[in-house]
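Pasting structure.cif here (mmCIF, C-alpha atoms):
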```
data_protein
loop_
_atom_site.group_PDB
_atom_site.id
_atom_site.type_symbol
_atom_site.label_atom_id
_atom_site.label_comp_id
_atom_site.auth_asym_id
_atom_site.auth_seq_id
_atom_site.Cartn_x
_atom_site.Cartn_y
_atom_site.Cartn_z
ATOM 1 C CA MET A 1 64.034 -109.549 -21.907
ATOM 2 C CA LYS A 2 62.546 -113.013 -21.422
ATOM 3 C CA ARG A 3 60.979 -111.852 -18.166
ATOM 4 C CA PHE A 4 59.209 -108.985 -19.961
ATOM 5 C CA LEU A 5 57.982 -111.345 -22.640
ATOM 6 C CA ILE A 6 56.499 -113.748 -20.057
ATOM 7 C CA ALA A 7 54.917 -110.853 -18.159
ATOM 8 C CA GLY A 8 53.457 -109.493 -21.406
ATOM 9 C CA VAL A 9 52.017 -112.873 -22.424
ATOM 10 C CA ALA A 10 50.573 -113.372 -18.922
ATOM 11 C CA ALA A 11 49.002 -109.914 -18.954
ATOM 12 C CA GLY A 12 47.563 -110.588 -22.404
ATOM 13 C CA LEU A 13 46.069 -113.875 -21.216
ATOM 14 C CA VAL A 14 44.489 -112.233 -18.161
ATOM 15 C CA LEU A 15 43.002 -109.445 -20.246
ATOM 16 C CA GLY A 16 41.791 -111.916 -22.829
ATOM 17 C CA LEU A 17 40.098 -114.086 -20.220
ATOM 18 C CA ALA A 18 38.517 -111.011 -18.613
ATOM 19 C CA GLY A 19 37.092 -110.096 -21.992
ATOM 20 C CA CYS A 20 35.448 -113.531 -22.270
ATOM 21 C CA GLY A 21 33.522 -112.913 -19.035
ATOM 22 C CA GLU A 22 32.244 -109.496 -20.061
ATOM 23 C CA GLN A 23 28.512 -109.153 -20.463
ATOM 24 C CA SER A 24 26.767 -106.691 -22.689
ATOM 25 C CA GLN A 25 25.499 -103.717 -20.689
ATOM 26 C CA VAL A 26 23.329 -102.357 -23.457
ATOM 27 C CA THR A 27 19.664 -103.244 -23.101
ATOM 28 C CA VAL A 28 17.745 -103.791 -26.285
ATOM 29 C CA TYR A 29 14.184 -102.536 -25.834
ATOM 30 C CA LYS A 30 11.304 -103.966 -27.767
ATOM 31 C CA GLN A 31 8.553 -101.463 -28.381
ATOM 32 C CA GLY A 32 5.220 -102.207 -26.728
ATOM 33 C CA GLN A 33 6.202 -105.231 -24.670
ATOM 34 C CA TYR A 34 6.939 -105.364 -20.977
ATOM 35 C CA GLN A 35 10.664 -105.780 -20.572
ATOM 36 C CA GLY A 36 10.914 -106.258 -16.804
ATOM 37 C CA LYS A 37 10.910 -109.180 -14.438
ATOM 38 C CA PRO A 38 7.853 -111.457 -14.367
ATOM 39 C CA ASP A 39 5.503 -111.099 -11.415
ATOM 40 C CA LYS A 40 3.710 -113.859 -9.584
ATOM 41 C CA GLN A 41 -0.049 -114.054 -9.135
ATOM 42 C CA PRO A 42 -1.303 -112.803 -5.743
ATOM 43 C CA TRP A 43 -2.718 -116.235 -4.898
ATOM 44 C CA ASP A 44 0.550 -118.010 -5.682
ATOM 45 C CA ASN A 45 1.942 -117.957 -2.138
ATOM 46 C CA ALA A 46 1.975 -119.901 1.127
ATOM 47 C CA GLN A 47 -1.231 -118.307 2.385
ATOM 48 C CA PHE A 48 -3.475 -119.213 -0.565
ATOM 49 C CA LYS A 49 -1.479 -122.177 -1.884
ATOM 50 C CA ASN A 50 -2.182 -121.271 -5.519
ATOM 51 C CA ASP A 51 -5.930 -121.528 -4.883
ATOM 52 C CA ARG A 52 -7.401 -118.741 -6.948
ATOM 53 C CA ALA A 53 -10.964 -119.364 -5.756
ATOM 54 C CA ALA A 54 -9.905 -118.905 -2.117
ATOM 55 C CA TRP A 55 -8.189 -115.623 -2.994
ATOM 56 C CA ASP A 56 -11.214 -114.445 -4.977
ATOM 57 C CA ASN A 57 -13.474 -115.214 -2.010
ATOM 58 C CA ALA A 58 -11.179 -113.354 0.398
ATOM 59 C CA ILE A 59 -11.136 -110.273 -1.847
ATOM 60 C CA LYS A 60 -14.886 -110.459 -2.457
ATOM 61 C CA ALA A 61 -15.560 -110.651 1.283
ATOM 62 C CA ARG A 62 -13.375 -107.607 1.877
ATOM 63 C CA SER A 63 -14.940 -105.697 -1.021
ATOM 64 C CA SER A 64 -18.484 -106.447 0.114
ATOM 65 C CA GLY A 65 -17.543 -105.501 3.673
ATOM 66 C CA GLN A 66 -17.173 -101.900 2.521
ATOM 67 C CA ASP A 67 -20.950 -101.656 2.162
ATOM 68 C CA GLU A 68 -22.495 -100.689 5.499
ATOM 69 C CA TYR A 69 -26.152 -100.995 4.435
ATOM 70 C CA PRO A 70 -26.349 -104.808 4.829
ATOM 71 C CA ARG A 71 -24.682 -104.516 8.250
ATOM 72 C CA VAL A 72 -27.574 -102.487 9.635
ATOM 73 C CA ALA A 73 -30.290 -104.652 11.167
ATOM 74 C CA GLY A 74 -33.413 -104.973 9.088
ATOM 75 C CA LYS A 75 -31.806 -103.759 5.885
ATOM 76 C CA MET B 1 -11.951 -112.098 -13.383
ATOM 77 C CA ALA B 2 -11.706 -109.236 -10.968
ATOM 78 C CA ARG B 3 -10.861 -105.791 -12.314
ATOM 79 C CA MET B 4 -9.484 -103.781 -9.456
ATOM 80 C CA LYS B 5 -10.758 -100.221 -9.336
ATOM 81 C CA PHE B 6 -11.007 -97.264 -6.963
ATOM 82 C CA LEU B 7 -14.140 -95.166 -6.633
ATOM 83 C CA CYS B 8 -14.385 -92.018 -4.518
ATOM 84 C CA ASP B 9 -17.792 -90.744 -3.434
ATOM 85 C CA ALA B 10 -17.575 -86.928 -3.374
ATOM 86 C CA GLU B 11 -20.781 -86.773 -1.282
ATOM 87 C CA ARG B 12 -19.046 -88.611 1.536
ATOM 88 C CA CYS B 13 -15.418 -87.471 1.438
ATOM 89 C CA ILE B 14 -14.732 -85.113 4.346
ATOM 90 C CA GLU B 15 -11.137 -84.287 3.351
ATOM 91 C CA CYS B 16 -9.728 -85.939 6.472
ATOM 92 C CA ASN B 17 -6.666 -87.200 4.531
ATOM 93 C CA GLY B 18 -6.929 -90.536 6.339
ATOM 94 C CA CYS B 19 -6.341 -92.322 3.009
ATOM 95 C CA VAL B 20 -3.180 -90.290 2.385
ATOM 96 C CA THR B 21 -1.886 -91.067 5.865
ATOM 97 C CA ALA B 22 -2.771 -94.760 5.589
ATOM 98 C CA CYS B 23 -0.862 -95.014 2.294
ATOM 99 C CA LYS B 24 2.176 -93.174 3.645
ATOM 100 C CA GLN B 25 2.293 -95.343 6.730
ATOM 101 C CA GLU B 26 1.604 -98.648 5.009
ATOM 102 C CA HIS B 27 4.333 -98.306 2.408
ATOM 103 C CA GLU B 28 6.742 -96.011 4.252
ATOM 104 C CA VAL B 29 6.619 -93.614 1.319
ATOM 105 C CA PRO B 30 9.456 -91.022 1.442
ATOM 106 C CA TRP B 31 9.005 -87.289 1.877
ATOM 107 C CA GLY B 32 7.987 -85.523 -1.299
ATOM 108 C CA VAL B 33 6.208 -88.551 -2.744
ATOM 109 C CA ASN B 34 2.423 -88.701 -2.498
ATOM 110 C CA ARG B 35 0.941 -91.799 -3.987
ATOM 111 C CA ARG B 36 -2.497 -90.560 -2.939
ATOM 112 C CA ARG B 37 -3.837 -87.093 -2.217
ATOM 113 C CA VAL B 38 -7.148 -85.387 -1.575
ATOM 114 C CA VAL B 39 -8.263 -82.747 -4.066
ATOM 115 C CA THR B 40 -10.881 -80.204 -2.964
ATOM 116 C CA LEU B 41 -12.892 -78.075 -5.361
ATOM 117 C CA ASN B 42 -14.266 -74.714 -4.169
ATOM 118 C CA ASP B 43 -12.344 -75.094 -0.932
ATOM 119 C CA GLY B 44 -13.855 -73.015 1.880
ATOM 120 C CA LEU B 45 -17.022 -72.204 -0.037
ATOM 121 C CA PRO B 46 -20.451 -73.717 0.659
ATOM 122 C CA GLY B 47 -20.864 -76.919 -1.319
ATOM 123 C CA GLU B 48 -17.154 -77.712 -1.558
ATOM 124 C CA LYS B 49 -16.380 -81.197 -2.787
ATOM 125 C CA SER B 50 -13.371 -83.388 -2.122
ATOM 126 C CA ILE B 51 -12.168 -86.545 -3.779
ATOM 127 C CA SER B 52 -9.223 -88.780 -3.071
ATOM 128 C CA VAL B 53 -7.004 -89.245 -6.129
ATOM 129 C CA ALA B 54 -4.268 -91.763 -6.916
ATOM 130 C CA CYS B 55 -3.410 -94.038 -9.819
ATOM 131 C CA MET B 56 -6.748 -95.153 -11.269
ATOM 132 C CA HIS B 57 -5.239 -98.283 -12.821
ATOM 133 C CA CYS B 58 -6.641 -97.325 -16.220
ATOM 134 C CA SER B 59 -7.921 -100.025 -18.537
ATOM 135 C CA ASP B 60 -5.993 -98.350 -21.379
ATOM 136 C CA ALA B 61 -3.217 -96.722 -19.383
ATOM 137 C CA PRO B 62 -1.471 -93.808 -21.146
ATOM 138 C CA CYS B 63 1.625 -94.243 -18.949
ATOM 139 C CA MET B 64 2.113 -97.712 -20.415
ATOM 140 C CA ALA B 65 1.785 -96.331 -23.922
ATOM 141 C CA VAL B 66 4.423 -93.606 -23.551
ATOM 142 C CA CYS B 67 7.052 -95.405 -21.454
ATOM 143 C CA PRO B 68 10.223 -95.516 -23.615
ATOM 144 C CA VAL B 69 11.656 -98.500 -21.733
ATOM 145 C CA ASP B 70 8.378 -100.463 -21.404
ATOM 146 C CA CYS B 71 8.655 -100.925 -17.667
ATOM 147 C CA PHE B 72 4.868 -101.051 -17.093
ATOM 148 C CA TYR B 73 2.761 -104.165 -16.971
ATOM 149 C CA LYS B 74 -0.822 -104.952 -16.093
ATOM 150 C CA THR B 75 -1.695 -107.858 -13.828
ATOM 151 C CA SER B 76 -4.557 -110.238 -14.554
ATOM 152 C CA GLU B 77 -6.608 -108.237 -12.011
ATOM 153 C CA GLY B 78 -6.135 -105.038 -14.007
ATOM 154 C CA VAL B 79 -3.606 -103.431 -11.678
ATOM 155 C CA VAL B 80 -1.023 -101.279 -13.480
ATOM 156 C CA LEU B 81 2.442 -101.884 -12.019
ATOM 157 C CA HIS B 82 5.989 -101.135 -13.089
ATOM 158 C CA ASP B 83 9.509 -102.491 -12.719
ATOM 159 C CA LYS B 84 11.725 -99.960 -10.944
ATOM 160 C CA ASP B 85 14.850 -101.759 -12.116
ATOM 161 C CA LEU B 86 14.040 -100.672 -15.663
ATOM 162 C CA CYS B 87 12.621 -97.195 -14.984
ATOM 163 C CA ILE B 88 14.964 -94.404 -16.073
ATOM 164 C CA GLY B 89 12.979 -91.620 -14.390
ATOM 165 C CA CYS B 90 12.358 -89.742 -17.652
ATOM 166 C CA GLY B 91 8.969 -88.428 -16.496
ATOM 167 C CA TYR B 92 7.024 -89.180 -19.696
ATOM 168 C CA CYS B 93 4.438 -91.101 -17.663
ATOM 169 C CA PHE B 94 3.908 -88.036 -15.473
ATOM 170 C CA TYR B 95 3.058 -85.917 -18.497
ATOM 171 C CA ALA B 96 0.797 -88.614 -19.932
ATOM 172 C CA CYS B 97 -1.149 -89.376 -16.745
ATOM 173 C CA PRO B 98 -4.401 -87.378 -16.436
ATOM 174 C CA PHE B 99 -4.409 -87.890 -12.651
ATOM 175 C CA GLY B 100 -0.825 -86.852 -11.834
ATOM 176 C CA ALA B 101 -0.248 -90.274 -10.307
ATOM 177 C CA PRO B 102 3.448 -90.870 -11.121
ATOM 178 C CA GLN B 103 5.719 -89.368 -8.480
ATOM 179 C CA PHE B 104 9.469 -88.859 -8.598
ATOM 180 C CA PRO B 105 11.555 -88.850 -5.444
ATOM 181 C CA GLN B 106 14.541 -86.525 -5.322
ATOM 182 C CA ASP B 107 17.612 -88.657 -5.847
ATOM 183 C CA GLY B 108 20.947 -87.040 -5.071
ATOM 184 C CA ALA B 109 22.021 -83.441 -5.532
ATOM 185 C CA PHE B 110 20.570 -80.734 -7.793
ATOM 186 C CA GLY B 111 17.024 -82.144 -7.616
ATOM 187 C CA LEU B 112 17.929 -85.146 -9.765
ATOM 188 C CA ARG B 113 14.854 -87.240 -10.445
ATOM 189 C CA GLY B 114 14.751 -90.757 -9.068
ATOM 190 C CA LYS B 115 12.807 -93.736 -10.336
ATOM 191 C CA MET B 116 9.070 -93.299 -10.675
ATOM 192 C CA ASP B 117 6.865 -94.256 -7.735
ATOM 193 C CA LYS B 118 3.104 -94.591 -7.791
ATOM 194 C CA CYS B 119 0.123 -96.297 -6.208
ATOM 195 C CA THR B 120 0.399 -100.064 -6.650
ATOM 196 C CA PHE B 121 -3.155 -100.846 -5.462
ATOM 197 C CA CYS B 122 -1.189 -102.370 -2.564
ATOM 198 C CA ALA B 123 -0.069 -105.121 -4.962
ATOM 199 C CA GLY B 124 3.711 -104.638 -4.680
ATOM 200 C CA GLY B 125 5.758 -105.204 -7.816
ATOM 201 C CA PRO B 126 7.793 -107.776 -9.716
ATOM 202 C CA GLU B 127 9.742 -109.038 -6.703
ATOM 203 C CA ALA B 128 8.950 -112.018 -4.471
ATOM 204 C CA ASP B 129 5.671 -111.355 -2.637
ATOM 205 C CA ASN B 130 6.147 -109.577 0.695
ATOM 206 C CA SER B 131 9.940 -109.827 0.459
ATOM 207 C CA ALA B 132 12.228 -107.105 1.832
ATOM 208 C CA ALA B 133 13.173 -106.108 -1.744
ATOM 209 C CA GLU B 134 9.521 -105.706 -2.721
ATOM 210 C CA PHE B 135 8.721 -103.631 0.357
ATOM 211 C CA LYS B 136 11.718 -101.376 -0.190
ATOM 212 C CA LYS B 137 10.928 -100.683 -3.834
ATOM 213 C CA TYR B 138 7.138 -100.843 -3.996
ATOM 214 C CA GLY B 139 5.722 -101.091 -0.481
ATOM 215 C CA ARG B 140 3.588 -103.738 1.095
ATOM 216 C CA ASN B 141 1.734 -106.343 -0.952
ATOM 217 C CA ARG B 142 -1.674 -106.502 0.724
ATOM 218 C CA LEU B 143 -3.371 -108.059 -2.298
ATOM 219 C CA ALA B 144 -1.234 -111.189 -1.871
ATOM 220 C CA GLU B 145 -2.544 -111.351 1.704
ATOM 221 C CA GLY B 146 -6.143 -111.286 0.467
ATOM 222 C CA LYS B 147 -6.611 -107.678 1.605
ATOM 223 C CA LEU B 148 -7.709 -104.525 -0.193
ATOM 224 C CA PRO B 149 -5.665 -101.308 -0.412
ATOM 225 C CA ALA B 150 -5.037 -99.683 2.972
ATOM 226 C CA CYS B 151 -6.485 -96.316 1.875
ATOM 227 C CA ALA B 152 -9.902 -97.771 1.027
ATOM 228 C CA GLU B 153 -10.032 -100.000 4.076
ATOM 229 C CA MET B 154 -9.039 -97.112 6.361
ATOM 230 C CA CYS B 155 -11.565 -94.625 4.960
ATOM 231 C CA SER B 156 -13.749 -93.642 7.914
ATOM 232 C CA THR B 157 -16.763 -92.522 5.878
ATOM 233 C CA LYS B 158 -16.288 -95.220 3.245
ATOM 234 C CA ALA B 159 -16.102 -92.490 0.616
ATOM 235 C CA LEU B 160 -13.173 -94.274 -0.978
ATOM 236 C CA LEU B 161 -14.082 -97.734 -2.197
ATOM 237 C CA GLY B 162 -11.593 -100.181 -3.651
ATOM 238 C CA GLY B 163 -11.809 -103.680 -5.035
ATOM 239 C CA ASP B 164 -13.458 -105.535 -7.870
ATOM 240 C CA GLY B 165 -15.063 -102.938 -10.133
ATOM 241 C CA ASP B 166 -18.402 -104.778 -10.283
ATOM 242 C CA VAL B 167 -18.698 -105.033 -6.483
ATOM 243 C CA VAL B 168 -17.648 -101.413 -5.961
ATOM 244 C CA ALA B 169 -20.129 -100.202 -8.600
ATOM 245 C CA ASP B 170 -22.936 -102.199 -6.930
ATOM 246 C CA ILE B 171 -22.134 -100.676 -3.526
ATOM 247 C CA TYR B 172 -22.134 -97.168 -4.982
ATOM 248 C CA ARG B 173 -25.348 -97.713 -6.950
ATOM 249 C CA ASN B 174 -27.142 -99.033 -3.852
ATOM 250 C CA ARG B 175 -25.844 -96.092 -1.845
ATOM 251 C CA VAL B 176 -27.030 -93.481 -4.331
ATOM 252 C CA LEU B 177 -30.489 -95.040 -4.453
ATOM 253 C CA LYS B 178 -30.888 -95.197 -0.676
ATOM 254 C CA ARG B 179 -29.085 -92.261 0.848
ATOM 255 C CA GLY B 180 -31.710 -89.513 0.362
ATOM 256 C CA LYS B 181 -30.948 -85.925 1.364
ATOM 257 C CA GLY B 182 -31.548 -83.469 4.201
ATOM 258 C CA ALA B 183 -33.410 -85.076 7.136
ATOM 259 C CA GLU B 184 -34.038 -88.162 4.987
ATOM 260 C CA VAL B 185 -30.328 -88.781 4.723
ATOM 261 C CA TRP B 186 -29.405 -92.295 5.672
ATOM 262 C CA GLY B 187 -28.286 -92.438 9.312
ATOM 263 C CA TRP B 188 -29.754 -89.033 10.227
ATOM 264 C CA GLY B 189 -32.401 -90.529 12.533
ATOM 265 C CA THR B 190 -29.823 -92.746 14.223
ATOM 266 C CA ALA B 191 -27.480 -89.828 14.833
ATOM 267 C CA TYR B 192 -29.895 -87.049 15.716
ATOM 268 C CA GLY B 193 -33.089 -88.869 16.691
ATOM 269 C CA LYS B 194 -36.308 -89.254 14.796
ATOM 270 C CA PRO B 195 -38.852 -86.389 14.989
ATOM 271 C CA GLU B 196 -41.804 -87.029 17.300
ATOM 272 C CA LYS B 197 -45.025 -87.872 15.559
ATOM 273 C CA GLY B 198 -47.259 -84.832 15.072
ATOM 274 C CA ALA B 199 -44.610 -82.395 16.281
ATOM 275 C CA ALA B 200 -43.984 -79.370 14.132
ATOM 276 C CA PRO B 201 -40.499 -79.275 12.621
ATOM 277 C CA PRO B 202 -38.162 -76.922 14.494
ATOM 278 C CA ALA B 203 -37.414 -73.596 12.892
ATOM 279 C CA GLY B 204 -34.474 -73.768 10.541
ATOM 280 C CA ALA B 205 -34.672 -77.547 10.230
ATOM 281 C CA LYS B 206 -33.398 -79.116 7.074
ATOM 282 C CA SER B 207 -35.986 -80.104 4.518
#
```

Turn this file's structure into structure tokens for me.
Amino acid sequence: MKRFLIAGVAAGLVLGLAGCGEQSQVTVYKQGQYQGKPDKQPWDNAQFKNDRAAWDNAIKARSSGQDEYPRVAGK
Amino acid sequence: MARMKFLCDAERCIECNGCVTACKQEHEVPWGVNRRRVVTLNDGLPGEKSISVACMHCSDAPCMAVCPVDCFYKTSEGVVLHDKDLCIGCGYCFYACPFGAPQFPQDGAFGLRGKMDKCTFCAGGPEADNSAAEFKKYGRNRLAEGKLPACAEMCSTKALLGGDGDVVADIYRNRVLKRGKGAEVWGWGTAYGKPEKGAAPPAGAKS
């Protein structure tokens, strides 16, 4: 009888402790606001070292490079 | 501040699907998902026109407005992105989008819809830049490498332009003003030779 009592108390303790570690799995959504993970800026990396001007220049050079008129001599 | 935009010049697009292929290859997009596609009007008839269509990264994006779990966000460069960890694959964004940009991969049996996938302007998503997790979920992050989307950079005729909206608009405006038509078309003389002075135009020549 005593053995069953100890086993019951131990099982109750284990279940109780497991309940303490349980996290809510229900997401509460707020209307109209992004709910996901934050994203970094494209210049915040090892290549651009958080230098926005350098990134802007790189993108501008690429964007302007799509225009073939200035590449033709005399234009 | 840059506002990233695509612009497709219907006068130049030759329906080669190079942009579609570039996108597929760059991001290893699965079968059945087309982040970009070429739409042709009056296909096979004289005067047919083609344009390359993908997410247009709308300034007031309807997909963002209808998403029930608010998984969309807009970067400071105006690129519309989403968090796949939150997406429930409901398909509301597909109905809201006027361009048919959101795509849903088949996930499991019975045609079950997976999480939404769309053009990211080659800007990845909310994972560490150019990490394995980002590539798996969203594809490559070229913007963080200082590069433009692969589709625009691969376009052989430069029909598809991508980048800062002001720069792209300037390129297009300059092009429209200079390109001419018929034998005056820009590059015609380089490709086919200039007519000799005083020579009569050959029969059937373009005006």

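With distances taken over only C-alpha atoms, A:Gln33 is the one residue among A:Gly8, A:Arg52, A:Gly65, A:Gln33 lying closest to chain B.
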
Exercise for the section: Any chance you could resolve the PyMOL selection byres ((chain A) within 6 of (chain B)) against this file and give the residues as a PyMOL selection string? Expected result: chain A and resi 34-39+42+55+58-59+63+67

Problem - Expected selection from the PyMOL selection byres ((chain B and resi 44-49) around 12), given as a ChimeraX atom specification - result: /B:8-15,38-43,50-52,159

Handout entry: Target residues per the PyMOL selection byres ((chain B and resi 105-112) around 10), formatted as a PyMOL selection string
Key = chain B and resi 29-34+89+103-104+113-117

Residues from last step as file, C-alpha atoms, as a JSON list (two decimals), in the frame of the given file:
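part33.json, freshly written:
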```json
[["chain", "number", "residue", "atom", "x", "y", "z"],
["B", 29, "VAL", "CA", 6.62, -93.61, 1.32],
["B", 30, "PRO", "CA", 9.46, -91.02, 1.44],
["B", 31, "TRP", "CA", 9.01, -87.29, 1.88],
["B", 32, "GLY", "CA", 7.99, -85.52, -1.30],
["B", 33, "VAL", "CA", 6.21, -88.55, -2.74],
["B", 34, "ASN", "CA", 2.42, -88.70, -2.50],
["B", 89, "GLY", "CA", 12.98, -91.62, -14.39],
["B", 103, "GLN", "CA", 5.72, -89.37, -8.48],
["B", 104, "PHE", "CA", 9.47, -88.86, -8.60],
["B", 113, "ARG", "CA", 14.85, -87.24, -10.44],
["B", 114, "GLY", "CA", 14.75, -90.76, -9.07],
["B", 115, "LYS", "CA", 12.81, -93.74, -10.34],
["B", 116, "MET", "CA", 9.07, -93.30, -10.68],
["B", 117, "ASP", "CA", 6.86, -94.26, -7.74]]
```
